[in-house]
$ cat entry_22.csv   # CSV, C-alpha atoms and all ligand atoms
chain,number,residue,atom,x,y,z
A,25,MET,CA,38.8,25.4,127.1
A,26,HIS,CA,40.5,28.4,125.6
A,27,HIS,CA,44.2,28.7,126.3
A,28,ALA,CA,46.1,31.9,126.3
A,29,THR,CA,48.2,32.4,123.2
A,30,ALA,CA,52.0,32.6,123.1
A,31,ALA,CA,51.6,36.2,122.1
A,32,GLN,CA,49.4,36.9,125.1
A,33,ILE,CA,51.8,35.3,127.5
A,34,SER,CA,54.7,37.2,126.1
A,35,ALA,CA,52.8,40.5,126.3
A,36,ALA,CA,51.8,39.9,129.9
A,37,LEU,CA,55.4,39.0,130.8
A,38,ALA,CA,56.7,42.2,129.1
A,39,ASP,CA,54.2,44.4,130.8
A,40,ARG,CA,54.5,43.0,134.4
A,41,TYR,CA,57.0,44.4,136.8
A,42,ALA,CA,57.6,44.7,140.5
A,43,THR,CA,55.2,47.6,141.1
A,44,LYS,CA,56.6,50.2,143.4
A,45,LYS,CA,53.7,52.6,143.3
A,46,PHE,CA,50.1,51.4,143.3
A,47,ASP,CA,47.0,53.5,142.5
A,48,PRO,CA,45.1,53.1,145.9
A,49,SER,CA,41.8,54.0,144.2
A,50,ARG,CA,41.8,51.0,141.8
A,51,ILE,CA,40.5,47.8,143.4
A,52,ILE,CA,40.7,44.3,142.0
A,53,SER,CA,37.2,43.0,141.0
A,54,PRO,CA,35.8,40.1,143.1
A,55,GLU,CA,35.8,37.9,140.0
A,56,ASN,CA,39.4,38.5,139.3
A,57,TRP,CA,40.4,38.1,142.9
A,58,GLU,CA,38.6,34.8,142.9
A,59,ALA,CA,40.8,33.7,140.0
A,60,LEU,CA,43.9,34.8,141.9
A,61,GLU,CA,42.9,32.8,145.0
A,62,GLN,CA,42.3,29.9,142.7
A,63,SER,CA,45.9,30.2,141.5
A,64,LEU,CA,47.0,29.7,145.1
A,65,HIS,CA,44.6,26.9,145.8
A,66,MET,CA,45.6,25.0,142.6
A,67,ALA,CA,49.3,25.6,142.9
A,68,PRO,CA,51.4,22.3,142.8
A,69,SER,CA,53.4,21.2,145.8
A,70,SER,CA,55.7,18.3,146.6
A,71,PHE,CA,53.6,15.1,147.1
A,72,GLY,CA,50.6,17.5,147.0
A,73,LEU,CA,51.0,18.3,150.7
A,74,GLN,CA,50.1,22.0,150.3
A,75,PRO,CA,52.3,23.0,153.3
A,76,TRP,CA,51.1,26.6,153.3
A,77,ARG,CA,48.5,29.1,154.4
A,78,PHE,CA,47.8,32.3,152.6
A,79,ILE,CA,46.4,35.3,154.5
A,80,VAL,CA,44.6,38.1,152.6
A,81,VAL,CA,44.9,41.2,154.8
A,82,ALA,CA,42.2,43.8,154.2
A,83,ASN,CA,42.2,45.5,157.6
A,84,PRO,CA,43.8,49.0,157.1
A,85,ALA,CA,45.2,49.2,160.7
A,86,ILE,CA,46.8,45.8,160.3
A,87,ARG,CA,48.2,46.7,157.0
A,88,ALA,CA,49.7,49.9,158.5
A,89,THR,CA,51.4,47.8,161.2
A,90,LEU,CA,52.7,45.4,158.6
A,91,ARG,CA,54.1,48.3,156.5
A,92,ALA,CA,56.2,49.4,159.4
A,93,ALA,CA,57.6,45.8,159.5
A,94,ALA,CA,58.3,46.0,155.8
A,95,TRP,CA,60.8,48.8,155.5
A,96,ASN,CA,57.8,51.2,155.2
A,97,GLN,CA,57.2,50.0,151.7
A,98,PRO,CA,54.1,51.8,150.5
A,99,GLN,CA,52.8,48.8,148.4
A,100,VAL,CA,51.8,47.2,151.7
A,101,THR,CA,49.1,49.7,152.4
A,102,ASP,CA,48.4,51.2,148.9
A,103,ALA,CA,47.8,48.1,146.8
A,104,SER,CA,44.2,46.9,146.4
A,105,HIS,CA,45.1,43.6,148.1
A,106,LEU,CA,47.8,42.3,150.3
A,107,LEU,CA,48.7,38.6,150.4
A,108,VAL,CA,50.9,37.1,153.1
A,109,CYS,CA,52.3,33.7,152.3
A,110,THR,CA,53.2,31.4,155.1
A,111,ALA,CA,54.9,28.0,155.3
A,112,LYS,CA,54.2,25.2,157.7
A,113,ARG,CA,57.2,24.8,160.0
A,114,GLN,CA,57.0,21.0,160.2
A,115,ILE,CA,55.2,18.2,158.3
A,116,LEU,CA,53.9,15.9,161.0
A,117,PRO,CA,52.5,12.4,160.7
A,118,ALA,CA,49.0,13.9,161.3
A,119,ASP,CA,49.5,16.0,158.2
A,120,VAL,CA,50.2,13.0,156.1
A,121,ASP,CA,47.1,11.3,157.6
A,122,LYS,CA,45.0,14.3,156.7
A,123,PHE,CA,46.3,14.3,153.2
A,124,ILE,CA,45.8,10.6,152.7
A,125,THR,CA,42.2,10.9,154.1
A,126,GLN,CA,41.5,13.8,151.7
A,127,THR,CA,42.8,11.9,148.7
A,128,SER,CA,40.8,8.9,149.7
A,129,THR,CA,37.6,11.0,150.0
A,130,VAL,CA,38.1,13.0,146.9
A,131,ARG,CA,39.0,10.1,144.7
A,132,GLY,CA,36.8,7.5,146.3
A,133,VAL,CA,39.8,5.2,146.8
A,134,PRO,CA,40.0,3.2,150.0
A,135,ALA,CA,42.8,4.5,152.3
A,136,GLU,CA,44.4,1.0,152.3
A,137,LYS,CA,45.1,1.4,148.6
A,138,LEU,CA,47.1,4.5,149.4
A,139,ALA,CA,49.3,2.8,152.0
A,140,GLY,CA,52.2,2.7,149.5
A,141,TYR,CA,52.1,6.4,148.8
A,142,LYS,CA,51.6,7.2,152.4
A,143,GLY,CA,54.7,5.1,153.3
A,144,MET,CA,56.7,7.0,150.7
A,145,ILE,CA,55.7,10.4,152.1
A,146,SER,CA,56.2,9.3,155.7
A,147,GLY,CA,59.6,8.0,154.8
A,148,PHE,CA,60.5,11.2,153.1
A,149,ILE,CA,59.4,13.5,155.8
A,150,ALA,CA,61.5,11.5,158.3
A,151,SER,CA,64.7,11.9,156.2
A,152,PRO,CA,67.5,12.9,158.5
A,153,GLY,CA,68.7,16.4,157.7
A,154,LEU,CA,65.5,17.5,155.9
A,155,ASP,CA,64.8,21.0,157.0
A,156,HIS,CA,61.0,21.1,156.9
A,157,THR,CA,60.6,24.8,157.1
A,158,HIS,CA,63.0,25.3,154.3
A,159,TRP,CA,61.4,22.6,152.1
A,160,ASN,CA,58.0,24.1,152.7
A,161,THR,CA,59.2,27.6,152.0
A,162,ARG,CA,60.3,26.4,148.5
A,163,GLN,CA,56.8,25.2,147.9
A,164,VAL,CA,55.4,28.6,148.9
A,165,TYR,CA,57.5,30.3,146.3
A,166,ILE,CA,55.9,28.1,143.6
A,167,ALA,CA,52.5,29.3,144.7
A,168,LEU,CA,53.8,32.9,144.7
A,169,GLY,CA,54.9,32.4,141.1
A,170,PHE,CA,51.5,31.0,140.1
A,171,PHE,CA,49.8,34.0,141.7
A,172,MET,CA,52.0,36.6,140.0
A,173,LEU,CA,51.7,35.0,136.6
A,174,ALA,CA,48.0,34.6,136.9
A,175,ALA,CA,47.8,38.3,137.9
A,176,ALA,CA,50.0,39.4,135.0
A,177,ASN,CA,47.6,37.5,132.6
A,178,LEU,CA,44.7,39.4,134.1
A,179,GLY,CA,46.5,42.8,133.7
A,180,ILE,CA,46.8,43.0,137.5
A,181,ASP,CA,50.1,44.4,138.9
A,182,THR,CA,52.0,42.8,141.8
A,183,CYS,CA,55.0,43.3,143.9
A,184,PRO,CA,56.5,40.4,145.7
A,185,LEU,CA,57.9,41.5,149.0
A,186,GLU,CA,60.7,39.8,150.8
A,187,GLY,CA,61.8,43.0,152.3
A,188,ILE,CA,59.8,42.2,155.4
A,189,ASP,CA,60.5,41.2,158.9
A,190,PRO,CA,58.9,37.7,159.1
A,191,ALA,CA,59.0,37.6,162.9
A,192,GLN,CA,57.1,40.9,163.1
A,193,PHE,CA,54.6,39.7,160.5
A,194,ASP,CA,54.1,36.5,162.5
A,195,ALA,CA,53.4,38.5,165.7
A,196,THR,CA,51.0,40.9,164.0
A,197,LEU,CA,49.1,38.1,162.3
A,198,ASN,CA,49.0,36.1,165.5
A,199,LEU,CA,50.8,33.1,163.9
A,200,GLY,CA,52.6,32.4,167.3
A,201,ASP,CA,51.7,28.7,167.8
A,202,SER,CA,49.8,28.1,164.6
A,203,GLY,CA,52.7,26.1,163.2
A,204,TYR,CA,53.0,28.4,160.2
A,205,THR,CA,55.6,31.2,159.6
A,206,THR,CA,55.7,34.1,157.2
A,207,VAL,CA,57.8,33.6,154.1
A,208,VAL,CA,57.0,36.4,151.7
A,209,ALA,CA,54.2,38.9,151.0
A,210,CYS,CA,52.7,40.1,147.7
A,211,ALA,CA,50.9,43.3,147.0
A,212,ALA,CA,48.4,43.2,144.2
A,213,GLY,CA,46.4,45.9,142.4
A,214,TYR,CA,47.0,48.5,139.7
A,215,ARG,CA,50.0,50.6,139.0
A,216,ALA,CA,49.9,54.4,139.6
A,217,ALA,CA,50.1,56.0,136.1
A,218,ASP,CA,53.2,57.9,137.2
A,219,ASP,CA,55.1,54.9,138.6
A,220,HIS,CA,58.5,55.5,136.9
A,221,THR,CA,59.6,51.9,137.4
A,222,GLN,CA,57.0,50.5,134.9
A,223,PRO,CA,58.5,48.8,131.8
A,224,SER,CA,57.3,51.6,129.5
A,225,LYS,CA,59.5,54.0,131.5
A,226,ALA,CA,62.3,51.8,132.7
A,227,ALA,CA,63.5,48.9,130.5
A,228,LYS,CA,63.7,45.5,132.1
A,229,VAL,CA,67.1,44.5,133.2
A,230,ARG,CA,67.8,40.9,132.2
A,231,TYR,CA,70.9,39.1,130.9
A,232,ILE,CA,70.7,37.9,127.4
A,233,ARG,CA,68.7,34.8,127.1
A,234,SER,CA,71.4,32.5,125.7
A,235,GLU,CA,73.4,33.2,128.8
A,236,ILE,CA,70.7,31.7,131.1
A,237,ILE,CA,69.0,29.1,128.8
A,238,SER,CA,71.1,26.6,126.9
A,239,HIS,CA,70.0,23.8,124.7
A,240,LEU,CA,71.7,20.4,124.8
A,241,ILE,CA,71.0,18.7,121.5
B,301,LIG,C1,61.2,36.8,146.2
B,301,LIG,C2,61.2,38.3,145.8
B,301,LIG,C3,61.2,39.3,146.8
B,301,LIG,C4,61.2,40.6,146.4
B,301,LIG,N1,61.1,41.6,147.4
B,301,LIG,C5,60.9,42.9,147.0
B,301,LIG,C6,60.7,43.9,148.0
B,301,LIG,O1,60.6,43.7,149.2
B,301,LIG,N2,60.5,45.1,147.5
B,301,LIG,C7,60.5,45.5,146.2
B,301,LIG,O2,60.2,46.6,145.8
B,301,LIG,N3,60.7,44.5,145.2
B,301,LIG,C8,60.9,43.2,145.6
B,301,LIG,N4,61.2,42.3,144.7
B,301,LIG,C9,61.2,42.7,143.3
B,301,LIG,C10,62.5,42.5,142.5
B,301,LIG,O3,63.4,43.5,142.9
B,301,LIG,C11,62.2,42.5,141.0
B,301,LIG,O4,61.4,41.4,140.8
B,301,LIG,C12,63.5,42.4,140.2
B,301,LIG,O5,64.2,43.5,140.4
B,301,LIG,C13,63.1,42.2,138.7
B,301,LIG,O6,62.3,43.3,138.3
B,301,LIG,P1,60.9,43.1,137.7
B,301,LIG,O7,60.1,42.1,138.6
B,301,LIG,O8,60.3,44.5,137.8
B,301,LIG,O9,61.0,42.6,136.3
B,301,LIG,C14,61.2,40.9,145.1
B,301,LIG,C15,61.2,39.9,144.1
B,301,LIG,C16,61.2,38.6,144.5
B,301,LIG,C17,61.1,37.5,143.4
$ encode --input "entry_22.csv" --output "structure tokens" --more "lines below"
Ligand SMILES: Cc1cc2nc3c(=O)[nH]c(=O)nc-3n(C[C@H](O)[C@H](O)[C@H](O)COP(=O)(O)O)c2cc1C
Amino acid sequence: MHHATAAQISAALADRYATKKFDPSRIISPENWEALEQSLHMAPSSFGLQPWRFIVVANPAIRATLRAAAWNQPQVTDASHLLVCTAKRQILPADVDKFITQTSTVRGVPAEKLAGYKGMISGFIASPGLDHTHWNTRQVYIALGFFMLAAANLGIDTCPLEGIDPAQFDATLNLGDSGYTTVVACAAGYRAADDHTQPSKAAKVRYIRSEIISHLI
């Protein structure tokens, strides 16, 4: 197992940016896209419930419709790939059952042995005042972060897109009664050489590190 070095991670972080202008002619290779899907598949979530669905929209007509529902942001149609991240609106007892069954199958542990864990999750999802959609949405952002960092490490550019109308996305993607709702989208591909927002042309705007990270010793 070869891990990325500190220098490689730093370089990838310095080079990444929210890409405004993609080069439509540059396409992510199937091998790299596979790794990016893996970053979503392997992303951690609370209890491991994976309360999300990710939709990769290739269809140009659908992408044009989505662009109109995203402040006409060109990244929606011009990037190699468009990912739409959705959150489950509600975690139901059936979802807990499914998760426990999967754990039992994958690990070869009898479901009875997982009763304690199941009870803990069931108790948690029934907590009064727990907004399930909001909770699940927070998990989705973790997956988005994994996806963006994996992309940066592959030299693939991304633009997270919250400037979208989730209701229109839901309608276009037929999410109606799927139980899932759009949270955020992410365009992925390669920057246009003349994108003036890239770090070599526009310095990153960050507060000094000591202001945001403190060390209690
Ligand atoms: C959740 C989220 C939503 C965002 N939505 C948009 C968007 O709709 N359009 C856009 O151009 N940039 C969007 N951005 C990019 C931010 O403006 C950008 O990350 C921030 O200004 C920092 O710049 P940098 O990512 O280039 O370092 C979004 C970023 C995040 C994290």
$ residues_near_ligand --input "entry_22.csv" --ligand "ligand LIG 301 (chain B)" --cutoff "7 Å" --atoms "all atoms listed in the file" --output "PyMOL selection string"
chain A and resi 40-44+183-188+208+228
$ atom_distance --input "entry_22.csv" --atom1 "CA of Gly153 in chain A" --atom2 "CA of Leu116 in chain A"
15.2 Å
$ residues_near_point --input "entry_22.csv" --point "(48.4, 40.8, 134.7)" --cutoff "12 Å" --atoms "only C-alpha atoms" --output "ChimeraX atom specification"
/A:32-43,52,56-57,59-60,170-183,212-215
$ closest_residue --input "entry_22.csv" --among "A:His239, A:Arg131, A:Lys122, A:His105" --to "Ser53 in chain A" --atoms "all atoms listed in the file"
A:His105
$ closest_residue --input "entry_22.csv" --among "A:Thr221, A:Thr129, A:Gln192, A:Ser70" --to "Phe148 in chain A" --atoms "only C-alpha atoms"
A:Ser70
$ closest_residue --input "entry_22.csv" --among "A:Cys210, A:Ser49, A:Val120, A:Ala216" --to "Gly169 in chain A" --atoms "only C-alpha atoms"
A:Cys210
$ atom_distance --input "entry_22.csv" --atom1 "CA of Val164 in chain A" --atom2 "CA of Arg91 in chain A"
21.2 Å
$ residues_near_point --input "entry_22.csv" --point "(58.7, 25.8, 163.5)" --cutoff "8 Å" --atoms "only C-alpha atoms" --output "list in words"
Lys112, Arg113, Gln114, Thr157, Gly203, Tyr204 and Thr205 of chain A
$ write_last_selection --input "entry_22.csv" --atoms "C-alpha atoms" --output "PDB file, in the frame of the given file"
ATOM      1  CA  LYS A 112      54.200  25.200 157.700  1.00  0.00           C
ATOM      2  CA  ARG A 113      57.200  24.800 160.000  1.00  0.00           C
ATOM      3  CA  GLN A 114      57.000  21.000 160.200  1.00  0.00           C
ATOM      4  CA  THR A 157      60.600  24.800 157.100  1.00  0.00           C
ATOM      5  CA  GLY A 203      52.700  26.100 163.200  1.00  0.00           C
ATOM      6  CA  TYR A 204      53.000  28.400 160.200  1.00  0.00           C
ATOM      7  CA  THR A 205      55.600  31.200 159.600  1.00  0.00           C
TER       8      THR A 205
END
$ closest_atom_pairs --input "entry_22.csv" --of "range 151-211 of chain A" --to "range 80-87 of chain A" --cutoff "12 Å" --atoms "only C-alpha atoms" --output "tab-separated table"
residue	atom	partner	partner_atom	distance
A:Gln192	CA	A:Ile86	CA	11.7
A:Phe193	CA	A:Ile86	CA	9.9
A:Ala195	CA	A:Ile86	CA	11.2
A:Thr196	CA	A:Ile86	CA	7.4
A:Leu197	CA	A:Ile86	CA	8.3
A:Asn198	CA	A:Ile86	CA	11.2
A:Ala209	CA	A:Val80	CA	9.8
A:Cys210	CA	A:Val80	CA	9.7
A:Ala211	CA	A:Val80	CA	9.9
$ write_last_selection --input "entry_22.csv" --atoms "C-alpha atoms" --output "mmCIF file, keeping the file's coordinate frame"
data_model
loop_
_atom_site.group_PDB
_atom_site.id
_atom_site.type_symbol
_atom_site.label_atom_id
_atom_site.label_comp_id
_atom_site.auth_asym_id
_atom_site.auth_seq_id
_atom_site.Cartn_x
_atom_site.Cartn_y
_atom_site.Cartn_z
ATOM 1 C CA GLN A 192 57.100 40.900 163.100
ATOM 2 C CA PHE A 193 54.600 39.700 160.500
ATOM 3 C CA ALA A 195 53.400 38.500 165.700
ATOM 4 C CA THR A 196 51.000 40.900 164.000
ATOM 5 C CA LEU A 197 49.100 38.100 162.300
ATOM 6 C CA ASN A 198 49.000 36.100 165.500
ATOM 7 C CA ALA A 209 54.200 38.900 151.000
ATOM 8 C CA CYS A 210 52.700 40.100 147.700
ATOM 9 C CA ALA A 211 50.900 43.300 147.000
#
$ atom_distance --input "entry_22.csv" --atom1 "CA of Ile149 in chain A" --atom2 "CA of Thr127 in chain A"
18.1 Å
$ residues_around --input "entry_22.csv" --residues "Ile124 in chain A" --least-positions-apart "3" --cutoff "12 Å" --atoms "all atoms listed in the file" --output "list in words"
Phe71, Gly72, Leu73, Pro117, Ala118, Asp119, Val120, Asp121, Thr127, Ser128, Thr129, Val130, Arg131, Gly132, Val133, Pro134, Ala135, Glu136, Lys137, Leu138, Ala139, Gly140, Tyr141, Lys142, Gly143, Met144, Ile145 and Ser146 of chain A
$ decode --input "entry_22.csv" --residues "range 104-123 of chain A" --atoms "N, CA and C atoms" --output "mmCIF file, in the first residue's frame"
data_model
loop_
_atom_site.group_PDB
_atom_site.id
_atom_site.type_symbol
_atom_site.label_atom_id
_atom_site.label_comp_id
_atom_site.auth_asym_id
_atom_site.auth_seq_id
_atom_site.Cartn_x
_atom_site.Cartn_y
_atom_site.Cartn_z
ATOM 1 N N SER A 104 -16.661 17.345 -17.689
ATOM 2 C CA SER A 104 -16.713 15.951 -18.157
ATOM 3 C C SER A 104 -17.869 15.198 -17.513
ATOM 4 N N HIS A 105 -17.984 15.302 -16.186
ATOM 5 C CA HIS A 105 -19.013 14.550 -15.455
ATOM 6 C C HIS A 105 -19.805 15.475 -14.532
ATOM 7 N N LEU A 106 -21.066 15.138 -14.356
ATOM 8 C CA LEU A 106 -21.895 15.874 -13.395
ATOM 9 C C LEU A 106 -22.478 14.892 -12.386
ATOM 10 N N LEU A 107 -22.180 15.181 -11.130
ATOM 11 C CA LEU A 107 -22.663 14.342 -10.037
ATOM 12 C C LEU A 107 -23.750 15.105 -9.288
ATOM 13 N N VAL A 108 -24.857 14.438 -9.012
ATOM 14 C CA VAL A 108 -25.885 15.043 -8.154
ATOM 15 C C VAL A 108 -25.967 14.190 -6.890
ATOM 16 N N CYS A 109 -25.826 14.859 -5.756
ATOM 17 C CA CYS A 109 -25.814 14.160 -4.465
ATOM 18 C C CYS A 109 -27.166 14.350 -3.788
ATOM 19 N N THR A 110 -27.790 13.255 -3.407
ATOM 20 C CA THR A 110 -29.103 13.354 -2.758
ATOM 21 C C THR A 110 -29.063 12.698 -1.378
ATOM 22 N N ALA A 111 -29.926 13.192 -0.508
ATOM 23 C CA ALA A 111 -30.030 12.647 0.852
ATOM 24 C C ALA A 111 -31.375 11.961 1.024
ATOM 25 N N LYS A 112 -31.384 10.925 1.836
ATOM 26 C CA LYS A 112 -32.644 10.258 2.157
ATOM 27 C C LYS A 112 -33.439 11.190 3.078
ATOM 28 N N ARG A 113 -34.699 11.322 2.792
ATOM 29 C CA ARG A 113 -35.509 12.255 3.590
ATOM 30 C C ARG A 113 -35.738 11.730 4.997
ATOM 31 N N GLN A 114 -35.823 10.399 5.119
ATOM 32 C CA GLN A 114 -36.212 9.795 6.395
ATOM 33 C C GLN A 114 -35.497 8.456 6.548
ATOM 34 N N ILE A 115 -34.989 8.154 7.727
ATOM 35 C CA ILE A 115 -34.465 6.812 7.995
ATOM 36 C C ILE A 115 -35.594 6.029 8.669
ATOM 37 N N LEU A 116 -36.024 4.989 7.992
ATOM 38 C CA LEU A 116 -37.162 4.197 8.478
ATOM 39 C C LEU A 116 -36.661 2.918 9.153
ATOM 40 N N PRO A 117 -37.489 2.287 9.985
ATOM 41 C CA PRO A 117 -37.083 1.010 10.583
ATOM 42 C C PRO A 117 -36.618 0.004 9.522
ATOM 43 N N ALA A 118 -37.245 0.039 8.344
ATOM 44 C CA ALA A 118 -36.837 -0.884 7.267
ATOM 45 C C ALA A 118 -35.409 -0.618 6.816
ATOM 46 N N ASP A 119 -34.986 0.643 6.889
ATOM 47 C CA ASP A 119 -33.610 0.970 6.508
ATOM 48 C C ASP A 119 -32.625 0.386 7.518
ATOM 49 N N VAL A 120 -33.009 0.429 8.779
ATOM 50 C CA VAL A 120 -32.150 -0.144 9.825
ATOM 51 C C VAL A 120 -32.071 -1.662 9.628
ATOM 52 N N ASP A 121 -33.222 -2.283 9.335
ATOM 53 C CA ASP A 121 -33.245 -3.732 9.076
ATOM 54 C C ASP A 121 -32.307 -4.093 7.932
ATOM 55 N N LYS A 122 -32.403 -3.297 6.858
ATOM 56 C CA LYS A 122 -31.579 -3.568 5.674
ATOM 57 C C LYS A 122 -30.094 -3.487 6.025
ATOM 58 N N PHE A 123 -29.751 -2.468 6.804
ATOM 59 C CA PHE A 123 -28.358 -2.266 7.178
ATOM 60 C C PHE A 123 -27.852 -3.408 8.069
#
